[in-house]
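Source file: my_file.csv; contents: CSV, C-alpha atoms and all ligand atoms.
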chain,number,residue,atom,x,y,z
A,16,MET,CA,-98.0,-240.9,130.6
A,17,SER,CA,-99.5,-237.7,129.3
A,18,LYS,CA,-99.1,-234.5,131.3
A,19,TYR,CA,-102.8,-234.4,132.4
A,20,SER,CA,-103.5,-238.1,132.8
A,21,PHE,CA,-105.0,-239.2,136.1
A,22,ASP,CA,-101.8,-241.2,137.0
A,23,THR,CA,-99.5,-238.2,136.4
A,24,LEU,CA,-101.7,-235.8,138.4
A,25,ASN,CA,-102.3,-238.2,141.2
A,26,GLN,CA,-98.6,-238.8,141.5
A,27,ASN,CA,-97.9,-235.0,141.5
A,28,LEU,CA,-100.6,-234.7,144.3
A,29,GLU,CA,-99.0,-237.4,146.4
A,30,ARG,CA,-95.6,-235.8,146.1
A,31,VAL,CA,-96.9,-232.4,147.1
A,32,ARG,CA,-98.8,-233.9,150.0
A,33,SER,CA,-95.7,-235.6,151.3
A,34,ARG,CA,-93.7,-232.4,151.0
A,35,ILE,CA,-96.4,-230.7,153.0
A,36,GLU,CA,-96.1,-233.5,155.6
A,37,ARG,CA,-92.4,-233.1,155.9
A,38,ALA,CA,-92.6,-229.3,156.2
A,39,CYS,CA,-95.1,-229.9,159.0
A,40,GLU,CA,-92.8,-232.3,160.8
A,41,ARG,CA,-90.0,-229.8,160.7
A,42,SER,CA,-92.2,-227.1,162.2
A,43,ASP,CA,-94.3,-229.1,164.7
A,44,ARG,CA,-97.5,-228.7,162.8
A,45,THR,CA,-99.9,-231.2,161.3
A,46,PRO,CA,-101.0,-231.5,157.7
A,47,GLU,CA,-104.6,-231.0,158.9
A,48,GLN,CA,-103.6,-227.4,159.6
A,49,ILE,CA,-102.7,-226.8,156.0
A,50,ARG,CA,-105.3,-226.3,153.2
A,51,LEU,CA,-104.0,-227.2,149.8
A,52,VAL,CA,-105.5,-225.1,147.0
A,53,ALA,CA,-104.8,-226.4,143.5
A,54,VAL,CA,-104.3,-223.4,141.3
A,55,SER,CA,-105.6,-224.5,138.0
A,56,LYS,CA,-105.5,-221.3,135.9
A,57,THR,CA,-104.7,-221.8,132.2
A,58,HIS,CA,-105.0,-225.6,132.6
A,59,PRO,CA,-107.7,-227.4,130.7
A,60,LEU,CA,-110.9,-229.0,132.2
A,61,ARG,CA,-109.6,-232.5,131.9
A,62,ALA,CA,-106.7,-231.5,134.3
A,63,LEU,CA,-109.2,-230.3,136.9
A,64,GLU,CA,-111.4,-233.3,136.4
A,65,ALA,CA,-108.4,-235.7,137.0
A,66,MET,CA,-107.3,-233.7,140.1
A,67,TYR,CA,-110.9,-233.8,141.4
A,68,GLU,CA,-110.9,-237.5,140.9
A,69,ALA,CA,-107.7,-237.7,142.9
A,70,GLY,CA,-109.5,-236.1,145.8
A,71,VAL,CA,-108.9,-232.3,145.5
A,72,ARG,CA,-111.9,-230.2,146.4
A,73,HIS,CA,-110.3,-226.7,146.6
A,74,PHE,CA,-109.3,-225.1,143.3
A,75,GLY,CA,-107.9,-221.6,142.7
A,76,GLU,CA,-108.5,-219.6,139.5
A,77,SER,CA,-107.2,-216.2,138.6
A,78,TYR,CA,-109.3,-215.0,135.6
A,79,VAL,CA,-113.0,-214.4,136.0
A,80,GLN,CA,-113.8,-215.3,132.4
A,81,GLU,CA,-111.8,-218.5,132.4
A,82,TRP,CA,-113.3,-219.6,135.6
A,83,GLN,CA,-116.9,-218.9,134.4
A,84,GLN,CA,-116.2,-221.2,131.4
A,85,LYS,CA,-114.8,-224.0,133.5
A,86,ARG,CA,-117.1,-224.0,136.4
A,87,PRO,CA,-120.4,-225.2,135.0
A,88,GLU,CA,-118.6,-228.3,133.6
A,89,LEU,CA,-117.3,-229.4,137.0
A,90,PRO,CA,-118.9,-230.9,140.1
A,91,ASP,CA,-120.8,-228.6,142.4
A,92,ASP,CA,-119.0,-229.6,145.6
A,93,ILE,CA,-115.8,-227.8,144.5
A,94,ASN,CA,-114.7,-225.0,146.8
A,95,TRP,CA,-113.5,-222.2,144.5
A,96,HIS,CA,-110.8,-219.7,145.5
A,97,PHE,CA,-110.4,-216.6,143.5
A,98,VAL,CA,-106.6,-215.8,143.7
A,99,GLY,CA,-106.2,-213.3,140.8
A,100,HIS,CA,-106.1,-209.6,140.7
A,101,LEU,CA,-109.7,-208.5,141.1
A,102,GLN,CA,-111.3,-205.5,139.3
A,103,SER,CA,-114.3,-204.1,141.2
A,104,ASN,CA,-116.5,-204.4,138.1
A,105,LYS,CA,-115.9,-208.1,138.0
A,106,SER,CA,-116.8,-208.6,141.6
A,107,LYS,CA,-120.4,-209.3,140.9
A,108,TYR,CA,-119.5,-212.4,139.0
A,109,ILE,CA,-117.8,-214.0,142.0
A,110,ALA,CA,-119.5,-212.5,145.0
A,111,ASP,CA,-121.9,-215.4,145.9
A,112,GLU,CA,-120.0,-218.1,144.0
A,113,VAL,CA,-116.6,-218.6,145.5
A,114,ARG,CA,-115.5,-220.0,148.9
A,115,LEU,CA,-112.8,-217.4,149.4
A,116,VAL,CA,-111.5,-214.3,147.6
A,117,HIS,CA,-107.8,-214.1,148.3
A,118,SER,CA,-107.0,-210.8,146.7
A,119,VAL,CA,-108.9,-208.0,148.4
A,120,ASP,CA,-106.8,-204.9,148.7
A,121,ARG,CA,-108.9,-201.8,148.3
A,122,LYS,CA,-112.1,-200.1,149.1
A,123,SER,CA,-113.7,-200.3,145.7
A,124,VAL,CA,-113.5,-204.1,145.7
A,125,MET,CA,-114.7,-204.4,149.2
A,126,LYS,CA,-117.6,-202.2,148.5
A,127,GLU,CA,-118.6,-204.0,145.4
A,128,LEU,CA,-118.3,-207.5,146.9
A,129,ASP,CA,-120.3,-206.4,149.9
A,130,LYS,CA,-123.0,-204.9,147.7
A,131,ARG,CA,-123.2,-207.9,145.3
A,132,SER,CA,-123.3,-210.7,148.0
A,133,SER,CA,-126.6,-211.9,149.4
A,134,GLN,CA,-124.7,-213.5,152.3
A,135,PRO,CA,-121.2,-212.9,153.8
A,136,VAL,CA,-118.4,-213.6,151.4
A,137,GLY,CA,-115.1,-215.0,152.7
A,138,VAL,CA,-112.2,-212.7,151.9
A,139,LEU,CA,-108.5,-212.4,152.6
A,140,LEU,CA,-106.7,-209.1,152.7
A,141,GLN,CA,-103.7,-209.1,150.3
A,142,VAL,CA,-100.5,-207.6,151.5
A,143,ASN,CA,-97.7,-206.5,149.1
A,144,VAL,CA,-95.1,-207.6,151.6
A,145,ALA,CA,-92.0,-207.0,149.4
A,146,LYS,CA,-93.4,-203.7,148.2
A,147,GLN,CA,-93.1,-204.6,144.6
A,148,ASP,CA,-94.0,-201.9,142.1
A,149,SER,CA,-96.3,-203.8,139.9
A,150,LYS,CA,-98.0,-206.0,142.5
A,151,SER,CA,-101.5,-205.9,144.1
A,152,GLY,CA,-101.9,-205.7,147.8
A,153,VAL,CA,-101.5,-203.1,150.5
A,154,PHE,CA,-98.2,-202.2,151.9
A,155,PRO,CA,-97.7,-203.6,155.4
A,156,GLU,CA,-98.0,-200.2,157.1
A,157,ASP,CA,-101.5,-199.8,155.5
A,158,LEU,CA,-102.9,-203.1,156.5
A,159,ILE,CA,-104.6,-202.0,159.7
A,160,ASP,CA,-106.4,-199.2,157.9
A,161,LEU,CA,-107.7,-201.7,155.4
A,162,LEU,CA,-108.7,-204.1,158.2
A,163,GLU,CA,-110.6,-201.3,159.9
A,164,LEU,CA,-112.4,-200.4,156.7
A,165,SER,CA,-113.3,-204.1,156.2
A,166,THR,CA,-115.2,-204.2,159.5
A,167,HIS,CA,-117.7,-201.7,158.1
A,168,TYR,CA,-119.0,-204.1,155.5
A,169,GLU,CA,-121.6,-206.5,156.8
A,170,ASN,CA,-121.3,-208.9,153.9
A,171,LEU,CA,-117.6,-209.4,154.1
A,172,ARG,CA,-116.2,-212.1,156.3
A,173,VAL,CA,-112.5,-211.4,156.7
A,174,GLU,CA,-110.8,-214.7,157.2
A,175,GLY,CA,-107.2,-213.6,157.2
A,176,LEU,CA,-104.3,-212.4,155.1
A,177,MET,CA,-102.7,-213.4,151.7
A,178,THR,CA,-99.5,-212.5,150.1
A,179,LEU,CA,-97.9,-213.2,146.7
A,180,PRO,CA,-94.1,-212.4,147.1
A,181,PRO,CA,-91.8,-212.3,144.1
A,182,TYR,CA,-90.7,-215.5,142.4
A,183,VAL,CA,-87.2,-216.3,143.8
A,184,ASP,CA,-84.8,-219.0,142.9
A,185,ASP,CA,-83.9,-219.7,146.5
A,186,PRO,CA,-87.0,-220.0,148.6
A,187,GLU,CA,-85.0,-218.9,151.7
A,188,THR,CA,-85.1,-215.4,150.2
A,189,ASN,CA,-88.8,-215.3,150.9
A,190,ARG,CA,-88.5,-216.6,154.5
A,191,PRO,CA,-88.2,-213.1,156.1
A,192,ARG,CA,-91.3,-212.0,154.0
A,193,PHE,CA,-93.3,-214.9,155.4
A,194,GLN,CA,-92.1,-214.0,158.9
A,195,THR,CA,-93.3,-210.5,158.3
A,196,MET,CA,-96.7,-211.8,157.2
A,197,HIS,CA,-97.0,-213.9,160.4
A,198,ARG,CA,-96.2,-210.8,162.5
A,199,LEU,CA,-98.8,-208.8,160.5
A,200,TYR,CA,-101.3,-211.5,161.2
A,201,ASP,CA,-100.6,-211.3,164.9
A,202,GLU,CA,-100.9,-207.5,164.8
A,203,ALA,CA,-104.2,-207.8,163.0
A,204,VAL,CA,-105.5,-210.2,165.6
A,205,GLU,CA,-104.5,-207.8,168.4
A,206,TRP,CA,-106.3,-205.0,166.6
A,207,LEU,CA,-109.4,-207.1,166.3
A,208,GLU,CA,-109.3,-208.1,169.9
A,209,ARG,CA,-109.5,-204.5,170.8
A,210,HIS,CA,-111.7,-203.0,168.2
A,211,ALA,CA,-113.9,-205.8,166.7
A,212,PRO,CA,-113.7,-208.8,168.9
A,213,GLU,CA,-116.8,-210.3,167.2
A,214,LYS,CA,-114.7,-210.7,164.0
A,215,LEU,CA,-111.9,-212.6,165.7
A,216,GLU,CA,-113.2,-216.1,165.3
A,217,ASP,CA,-113.3,-215.8,161.5
A,218,PHE,CA,-109.7,-214.5,161.2
A,219,THR,CA,-107.7,-217.7,161.0
A,220,GLU,CA,-106.0,-217.9,157.7
A,221,LEU,CA,-102.6,-217.0,156.3
A,222,SER,CA,-102.5,-217.8,152.6
A,223,MET,CA,-98.9,-217.9,151.4
A,224,GLY,CA,-96.6,-220.3,149.6
A,225,MET,CA,-96.6,-221.5,146.0
A,226,THR,CA,-94.7,-224.2,144.1
A,227,ASN,CA,-91.3,-222.7,144.7
A,228,ASP,CA,-91.6,-221.7,148.3
A,229,PHE,CA,-94.5,-223.5,150.0
A,230,GLU,CA,-92.4,-225.5,152.4
A,231,VAL,CA,-90.8,-222.4,153.8
A,232,ALA,CA,-94.2,-220.7,154.0
A,233,ILE,CA,-95.5,-223.7,156.0
A,234,GLU,CA,-92.6,-223.5,158.4
A,235,GLU,CA,-93.4,-219.8,158.9
A,236,GLY,CA,-97.1,-220.4,159.6
A,237,ALA,CA,-99.1,-220.6,156.4
A,238,THR,CA,-102.5,-222.2,156.7
A,239,ILE,CA,-103.3,-222.2,153.0
A,240,VAL,CA,-100.8,-222.9,150.3
A,241,ARG,CA,-101.7,-222.1,146.6
A,242,ILE,CA,-100.0,-224.6,144.4
A,243,GLY,CA,-100.1,-224.7,140.6
A,244,THR,CA,-97.0,-225.9,138.8
A,245,ALA,CA,-96.1,-228.7,141.2
A,246,LEU,CA,-99.6,-230.2,140.7
A,247,PHE,CA,-100.4,-229.5,137.0
A,248,GLY,CA,-97.0,-229.0,135.4
A,249,GLU,CA,-95.7,-225.8,133.7
A,250,ARG,CA,-98.3,-223.4,132.4
A,251,ASN,CA,-98.1,-222.4,128.7
A,252,ASP,CA,-98.9,-218.8,129.3
B,1,LIG,C1,-100.5,-218.8,139.6
B,1,LIG,C2,-100.6,-218.5,141.1
B,1,LIG,C3,-100.3,-219.5,142.1
B,1,LIG,C4,-99.6,-220.8,141.7
B,1,LIG,O1,-98.3,-220.6,141.3
B,1,LIG,P1,-97.3,-221.8,141.1
B,1,LIG,O2,-95.9,-221.2,141.2
B,1,LIG,O3,-97.5,-222.4,139.8
B,1,LIG,O4,-97.5,-222.8,142.2
B,1,LIG,C5,-100.5,-219.1,143.4
B,1,LIG,N1,-101.0,-218.0,143.8
B,1,LIG,C6,-101.4,-217.1,142.9
B,1,LIG,C7,-102.0,-215.8,143.3
B,1,LIG,C8,-101.2,-217.3,141.5
B,1,LIG,O5,-101.6,-216.3,140.6
Starting from the coordinates I provided, produce the structure as structure tokens.
Ligand SMILES: *Cc1c(COP(=O)(O)O)cnc(C)c1O
Amino acid sequence: MSKYSFDTLNQNLERVRSRIERACERSDRTPEQIRLVAVSKTHPLRALEAMYEAGVRHFGESYVQEWQQKRPELPDDINWHFVGHLQSNKSKYIADEVRLVHSVDRKSVMKELDKRSSQPVGVLLQVNVAKQDSKSGVFPEDLIDLLELSTHYENLRVEGLMTLPPYVDDPETNRPRFQTMHRLYDEAVEWLERHAPEKLEDFTELSMGMTNDFEVAIEEGATIVRIGTALFGERND
């Protein structure tokens, strides 16, 4: 079977789903509480088509240009998630077009998304939880300032937090980082209760966990997992 055949991808999907189920059992959660986003960056159209046929409706892409090429070729009922690093000058291309922007971490991007949207756009605030030098995201201690700022933009619907911790061989290494994210989420909720209660009901998501560590992320409270390699195979990038 070839890498991108329906059978291969369907089997990958079933495996991932059963791993999600087992992680839920271990942590008294239900699979309905976890949204699977299939991160399809660098994979060809036929891979997305097969995954769609297998039932996936949430896809994540990282590069605006690549996404713009794929999108018109695919069904309209796909929910697109932009998970890559976002430059403010590219915001206009995704503002009204994606279900959720996972990677908002600064004012210029908020401002541009707000300006370019004709209706509120769903966003997550990205946190650089491990304080890596090269990574996007605000440091944990700056999150509340970013959250406060976000409440000034009428066209942003802040739905929660996202993190992209370092790749680690042992997923347990990321467990304390996921725990920190859960705590930050709770702190953000408390802040909203006090300062912007009307925004509370939208703030429900914790996007964390990738191929290598999604089970640990689920055990620590993820509501969205972003999975590429376990679904589509290795990327050739
Ligand atoms: C590529 C990517 C993923 C998927 O990574 P895998 O390890 O292949 O599952 C998830 N999130 C973001 C932000 C990514 O860029």
task: Show me as number ranges by chain the residues that reach within 12 Å of (-118.6, -200.7, 155.7), counting all atoms listed in the file and using the file's own coordinates.
output: A: 122-130, 161-172
Write a file of the selected residues as an mmCIF file, in the frame of the given file, keeping C-alpha atoms.
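Contents of selection11.cif, freshly written:
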data_model
loop_
_atom_site.group_PDB
_atom_site.id
_atom_site.type_symbol
_atom_site.label_atom_id
_atom_site.label_comp_id
_atom_site.auth_asym_id
_atom_site.auth_seq_id
_atom_site.Cartn_x
_atom_site.Cartn_y
_atom_site.Cartn_z
ATOM 1 C CA LYS A 122 -112.100 -200.100 149.100
ATOM 2 C CA SER A 123 -113.700 -200.300 145.700
ATOM 3 C CA VAL A 124 -113.500 -204.100 145.700
ATOM 4 C CA MET A 125 -114.700 -204.400 149.200
ATOM 5 C CA LYS A 126 -117.600 -202.200 148.500
ATOM 6 C CA GLU A 127 -118.600 -204.000 145.400
ATOM 7 C CA LEU A 128 -118.300 -207.500 146.900
ATOM 8 C CA ASP A 129 -120.300 -206.400 149.900
ATOM 9 C CA LYS A 130 -123.000 -204.900 147.700
ATOM 10 C CA LEU A 161 -107.700 -201.700 155.400
ATOM 11 C CA LEU A 162 -108.700 -204.100 158.200
ATOM 12 C CA GLU A 163 -110.600 -201.300 159.900
ATOM 13 C CA LEU A 164 -112.400 -200.400 156.700
ATOM 14 C CA SER A 165 -113.300 -204.100 156.200
ATOM 15 C CA THR A 166 -115.200 -204.200 159.500
ATOM 16 C CA HIS A 167 -117.700 -201.700 158.100
ATOM 17 C CA TYR A 168 -119.000 -204.100 155.500
ATOM 18 C CA GLU A 169 -121.600 -206.500 156.800
ATOM 19 C CA ASN A 170 -121.300 -208.900 153.900
ATOM 20 C CA LEU A 171 -117.600 -209.400 154.100
ATOM 21 C CA ARG A 172 -116.200 -212.100 156.300
#
- request: Would you mind listing the residues within 9 Å of ligand LIG 1 (chain B), counting all atoms listed in the file, as a PyMOL selection string?
  value: chain A and resi 52-56+75-77+97-100+117-118+177-179+182+222-229+240-250
query: Hey, what's within 9 Å of A:Ser151 if we count only C-alpha atoms and toss same-chain stuff fewer than 3 positions away? As number ranges by chain, please?
result: A: 100, 118-120, 141-143, 147-148, 179
Atomic distance atom CA of A:Cys39 - atom CA of A:Glu230, expressed in Å with one decimal: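 Separation of atom CA of A:Cys39 and atom CA of A:Glu230: 8.4 Å.
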message: When you count only C-alpha atoms, which of these residues is closest to A:Asp111: A:His197, A:His96, A:His58, A:Arg131?
response: A:Arg131
message: What's the separation between atom CA of A:Glu234 and atom CA of A:Arg44, in Å to one decimal place?
response: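 Here the two named atoms are 8.4 Å from each other.
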message: Need the shell around stretch 83-89 of chain A: protein/DNA/RNA residues with any atom at most 10 Å away, counting all atoms listed in the file. Skip same-chain ones fewer than 5 positions apart. Format as a count of residues only?
response: 13
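One distance worth recording is that between atom CA of A:Glu112 and atom CA of A:Leu28, which is 25.5 Å.
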message: as a ChimeraX atom specification, please: the residues near A:Gly175 (cut-off 6 Å, only C-alpha atoms, same-chain neighbours under 4 positions excluded).
response: /A:139,218-221
task: Find the spatial neighbours of A:Arg41, counting only C-alpha atoms, within a cut-off of 12 Å - ignore same-chain residues fewer than 5 positions away - and output them as a ChimeraX atom specification.
output: /A:34-36,46,230-231,233-236
- request: Between A:Val173, A:Met196, A:Ala38, A:Leu101, single out the one closest to A:Lys214, counting all atoms listed in the file.
  value: A:Val173
query: From the set A:Lys150, A:Glu156, A:Asn251, A:Val204, which residue has the shortest atom-to-atom contact distance to A:Pro181, counting all atoms listed in the file?
result: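 Nearest candidate to A:Pro181 out of A:Lys150, A:Glu156, A:Asn251, A:Val204: A:Lys150.
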field: Option closest in space to A:Arg50, from A:Thr195, A:Gln134, A:Asn104, A:Asn94 [counting all atoms listed in the file]
entry: A:Asn94
statement: If you count only C-alpha atoms, the residue of A:Arg37, A:Arg198, A:Arg192, A:His210 closest to A:Ala232 turns out to be A:Arg192
- prompt: When distances are computed from only C-alpha atoms, which of A:Glu68, A:Glu81, A:Asp92, A:Asp201 shows the smallest separation from A:Leu24?
  reply: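 Closest to A:Leu24, using only C-alpha atoms: A:Glu68.
Those DNA, RNA and protein residues that approach the point (-118.4, -227.4, 147.6) to within 10 Å, considering only C-alpha atoms, are Arg72, His73, Pro90, Asp91, Asp92, Ile93, Asn94, Trp95, Val113 and Arg114 of chain A.
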